[in-house]
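**Q** Shown below is the structure under consideration.
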Amino acid sequence: MRRTSHGDPQARQAQVFAVGGRETDLSMAIDTRTLDHLSWLQHGVLARRQFLDAGVTDNDIERWVRRRRLVAARPGVYVNHTGPLTPAQREWVAVLAAWPAALSHESAIPGLRSDRVQVAIDVRRTIELPGVQVHRMAHFAERTDWRAAPPRIKVADAVIDVMSGRISNDDVAGAYAALATATHAATQPDRIARALARRERVAGRGLIAGMVADVEAGACSVLERGYLHRVERPHGLPRGRRQPGSLATGKRTMKDVRYDKYGLIVELNGRMIHDRPQAWDADAERDLAELAVAEAVTARVTYGLVFRHQCRTAAWIGRILHRRGWTGMLFACPSCPTG
């Protein structure tokens, strides 16, 4: 094997497993082209079985380990450098150590993170890997995208698995956050709906189906869904229009919720997007433009107003709407204080 001179592990990902020097007597027996390809594809991580398939012997592997040309990341799985593993290499190590296996749950969904690599194996197998969460899965083979590198559970199925687990742990907001992230970056709501329909047993099926329907309706954040289901619907507020466009500033912008008939805009402010000076200026510009151009006032609602004080928030929104012509009646939800 030829090593690079770089210290960065990522610079070593495409090292060539060439045989040279004092090992030239093996060059005719070892399929270096296959090893080169696997090294590139798998970020420098190879399994013992892959070495053996390419003509490398156990004696060769042991010699390369002694010479630090290979490092055993797990029993039977090797990496071609001595530095710390990259996230991609940790994923490959986990999948190859549990093989046949595939990335699953958060590890299979772009944009989601987990404190450890998640992998799935067939339900008929049992394996333990320290530091890796192993899930025994029915219909494992058909739910796996074997063309991916590393192989992974198809995103739609992985989303259902993550959402079901979070709902079972009473983390409804986390379940919706996973759905919103996945549909933004990696899949479509209808694919998740079809995958859900194919599965027989899913904890929280009804709630998952409802969340998928919300995403298709345009509620694309935990805060938006919280406003819809904790503030607007249970208190009898009129239904606002989700994600309408506006040209008030001279360029097209999107509003979270707009009550067109009453000239009220509700903007749902999550900290990650809005907690920056530049964002404050942009928010103020949009609010002022809407008031100047369309005489529409803007109410900005935060996580705390939706998830801790939803009833009081609904009362305030109702008062604004009443002053602007709404004649409907505000309802008390089961969480509203009495008296």
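Going by the structure tokens order, chains are called A, B, ..., each with residues numbered from 1, while ligands are numbered from 1 in the order shown.
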Set the distance at 7 Å and use only C-alpha atoms: which residues neighbour Ala108 in chain A once local chain neighbours fewer than 6 positions away are removed? I'd like the list as a VMD selection string.
**A** chain A and resid 152 to 153 155 158
**Q** How would the residues just picked look written out with N, CA and C atoms as a short mmCIF file (atom, residue, chain, number, x, y, z; two decimals), in the first residue's frame?
**A**
data_model
loop_
_atom_site.label_atom_id
_atom_site.label_comp_id
_atom_site.auth_asym_id
_atom_site.auth_seq_id
_atom_site.Cartn_x
_atom_site.Cartn_y
_atom_site.Cartn_z
N ARG A 152 -27.79 2.13 3.01
CA ARG A 152 -28.60 2.74 4.06
C ARG A 152 -30.07 2.42 3.85
N ILE A 153 -30.81 2.47 4.95
CA ILE A 153 -32.25 2.31 4.86
C ILE A 153 -32.79 3.46 4.02
N VAL A 155 -34.66 6.57 2.69
CA VAL A 155 -34.93 7.73 3.53
C VAL A 155 -36.36 7.73 4.05
N ALA A 158 -36.55 5.38 6.88
CA ALA A 158 -35.76 5.86 8.01
C ALA A 158 -36.49 6.99 8.74
#
**Q** May I ask which of the residues A:Ile320, A:Ala29, A:Val215, A:Met329 is the closest one to Val266 in chain A, counting only C-alpha atoms?
**A**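 Once distances to Val266 in chain A are computed over only C-alpha atoms, the minimum belongs to A:Ile320.
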**Q** Could you pull the residues within 12 Å of Ala248 in chain A, counting only C-alpha atoms, minus those fewer than 5 positions along the same chain, as a PyMOL selection string?
**A** chain A and resi 253-255+285-296
**Q** Now that the selection is made, can you save its residues with N, CA and C atoms as a PDB file, in the first residue's frame?
**A**
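Ended up saving to out.pdb:
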ATOM      1  N   THR A 253     -41.241  37.645  -1.031  1.00  0.00           N
ATOM      2  CA  THR A 253     -40.943  37.021   0.255  1.00  0.00           C
ATOM      3  C   THR A 253     -42.112  36.125   0.634  1.00  0.00           C
ATOM      4  N   MET A 254     -41.873  35.222   1.583  1.00  0.00           N
ATOM      5  CA  MET A 254     -42.896  34.291   2.030  1.00  0.00           C
ATOM      6  C   MET A 254     -43.308  34.623   3.451  1.00  0.00           C
ATOM      7  N   LYS A 255     -44.594  34.571   3.708  1.00  0.00           N
ATOM      8  CA  LYS A 255     -45.141  34.796   5.042  1.00  0.00           C
ATOM      9  C   LYS A 255     -45.534  33.450   5.655  1.00  0.00           C
ATOM     10  N   GLU A 285     -37.868  45.255   8.184  1.00  0.00           N
ATOM     11  CA  GLU A 285     -38.154  45.783   6.848  1.00  0.00           C
ATOM     12  C   GLU A 285     -39.432  45.183   6.280  1.00  0.00           C
ATOM     13  N   ARG A 286     -39.584  43.875   6.411  1.00  0.00           N
ATOM     14  CA  ARG A 286     -40.787  43.230   5.895  1.00  0.00           C
ATOM     15  C   ARG A 286     -42.035  43.695   6.629  1.00  0.00           C
ATOM     16  N   ASP A 287     -41.941  43.818   7.955  1.00  0.00           N
ATOM     17  CA  ASP A 287     -43.097  44.256   8.739  1.00  0.00           C
ATOM     18  C   ASP A 287     -43.523  45.659   8.340  1.00  0.00           C
ATOM     19  N   LEU A 288     -42.550  46.564   8.209  1.00  0.00           N
ATOM     20  CA  LEU A 288     -42.849  47.946   7.858  1.00  0.00           C
ATOM     21  C   LEU A 288     -43.424  48.034   6.452  1.00  0.00           C
ATOM     22  N   ALA A 289     -42.870  47.256   5.516  1.00  0.00           N
ATOM     23  CA  ALA A 289     -43.368  47.269   4.138  1.00  0.00           C
ATOM     24  C   ALA A 289     -44.804  46.777   4.065  1.00  0.00           C
ATOM     25  N   GLU A 290     -45.132  45.723   4.795  1.00  0.00           N
ATOM     26  CA  GLU A 290     -46.504  45.207   4.785  1.00  0.00           C
ATOM     27  C   GLU A 290     -47.479  46.241   5.340  1.00  0.00           C
ATOM     28  N   LEU A 291     -47.078  46.955   6.378  1.00  0.00           N
ATOM     29  CA  LEU A 291     -47.949  47.973   6.961  1.00  0.00           C
ATOM     30  C   LEU A 291     -48.127  49.139   5.995  1.00  0.00           C
ATOM     31  N   ALA A 292     -47.047  49.530   5.325  1.00  0.00           N
ATOM     32  CA  ALA A 292     -47.110  50.672   4.407  1.00  0.00           C
ATOM     33  C   ALA A 292     -47.871  50.341   3.129  1.00  0.00           C
ATOM     34  N   VAL A 293     -47.679  49.149   2.596  1.00  0.00           N
ATOM     35  CA  VAL A 293     -48.252  48.794   1.298  1.00  0.00           C
ATOM     36  C   VAL A 293     -49.652  48.208   1.425  1.00  0.00           C
ATOM     37  N   ALA A 294     -49.855  47.323   2.385  1.00  0.00           N
ATOM     38  CA  ALA A 294     -51.120  46.599   2.482  1.00  0.00           C
ATOM     39  C   ALA A 294     -51.880  46.870   3.776  1.00  0.00           C
ATOM     40  N   GLU A 295     -51.377  47.772   4.612  1.00  0.00           N
ATOM     41  CA  GLU A 295     -51.984  48.054   5.918  1.00  0.00           C
ATOM     42  C   GLU A 295     -52.151  46.773   6.736  1.00  0.00           C
ATOM     43  N   ALA A 296     -51.232  45.852   6.558  1.00  0.00           N
ATOM     44  CA  ALA A 296     -51.269  44.591   7.294  1.00  0.00           C
ATOM     45  C   ALA A 296     -50.310  44.669   8.470  1.00  0.00           C
TER      46      ALA A 296
END
**Q** As a PyMOL selection string, list the residues of range 208-254 of chain A assigned to strand (DSSP E) by DSSP on the backbone atoms of this structure.
**A** chain A and resi 241-242+245-246+253-254
**Q** Could you tell me how far CA of Arg201 in chain A sits from CA of Gly226 in chain A, in Å to one decimal place?
**A**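 Distance reported for this atom pair: 26.4 Å.
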**Q** Mind pulling up the distance from CA of Ala156 in chain A to CA of Arg191 in chain A?
**A**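 Between CA of Arg191 in chain A and CA of Ala156 in chain A the gap works out to 6.2 Å.
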**Q** From the set A:His235, A:Lys154, A:Arg258, A:Arg225, which residue has the shortest atom-to-atom contact distance to Trp316 in chain A, counting only C-alpha atoms?
**A**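 Among the listed residues, A:His235 lies closest to Trp316 in chain A.
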**Q** Residues at most 9 Å from Arg205 in chain A, counting only C-alpha atoms, excluding those fewer than 5 positions away in the same chain, as a PyMOL selection string?
**A** chain A and resi 160+164+196+210
**Q** Any chance you can output those residues with N, CA and C atoms as a PDB file, in the first residue's frame?
**A**
ATOM      1  N   ILE A 160     -39.724   7.352   9.006  1.00  0.00           N
ATOM      2  CA  ILE A 160     -40.780   6.725   9.807  1.00  0.00           C
ATOM      3  C   ILE A 160     -40.197   6.120  11.076  1.00  0.00           C
ATOM      4  N   SER A 164     -41.315   7.472  14.694  1.00  0.00           N
ATOM      5  CA  SER A 164     -41.982   6.526  15.591  1.00  0.00           C
ATOM      6  C   SER A 164     -41.249   6.437  16.925  1.00  0.00           C
ATOM      7  N   LEU A 196     -45.323   4.479   4.636  1.00  0.00           N
ATOM      8  CA  LEU A 196     -46.124   4.235   5.833  1.00  0.00           C
ATOM      9  C   LEU A 196     -47.279   3.289   5.524  1.00  0.00           C
ATOM     10  N   GLY A 210     -50.666  12.284  10.205  1.00  0.00           N
ATOM     11  CA  GLY A 210     -51.127  13.659  10.328  1.00  0.00           C
ATOM     12  C   GLY A 210     -50.019  14.668  10.081  1.00  0.00           C
TER      13      GLY A 210
END
**Q** Just to confirm, what's the straight-line distance from CA of Gly318 in chain A to CA of Pro334 in chain A in Å (one decimal)?
**A**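 Spanning CA of Gly318 in chain A to CA of Pro334 in chain A is a straight-line distance of 17.3 Å.
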**Q** Counting only C-alpha atoms, which of A:Thr144, A:Ser246, A:Gln89, A:Ser114 gets nearest to Ala101 in chain A?
**A** A:Thr144
**Q** Give the helix (DSSP H, G or I) residues of range 73-261 of chain A, as assigned by DSSP on the backbone, as a ChimeraX atom specification.
**A** /A:87-97,105-108,140-143,155-168,172-185,189-198,205-217,222-232,260-261
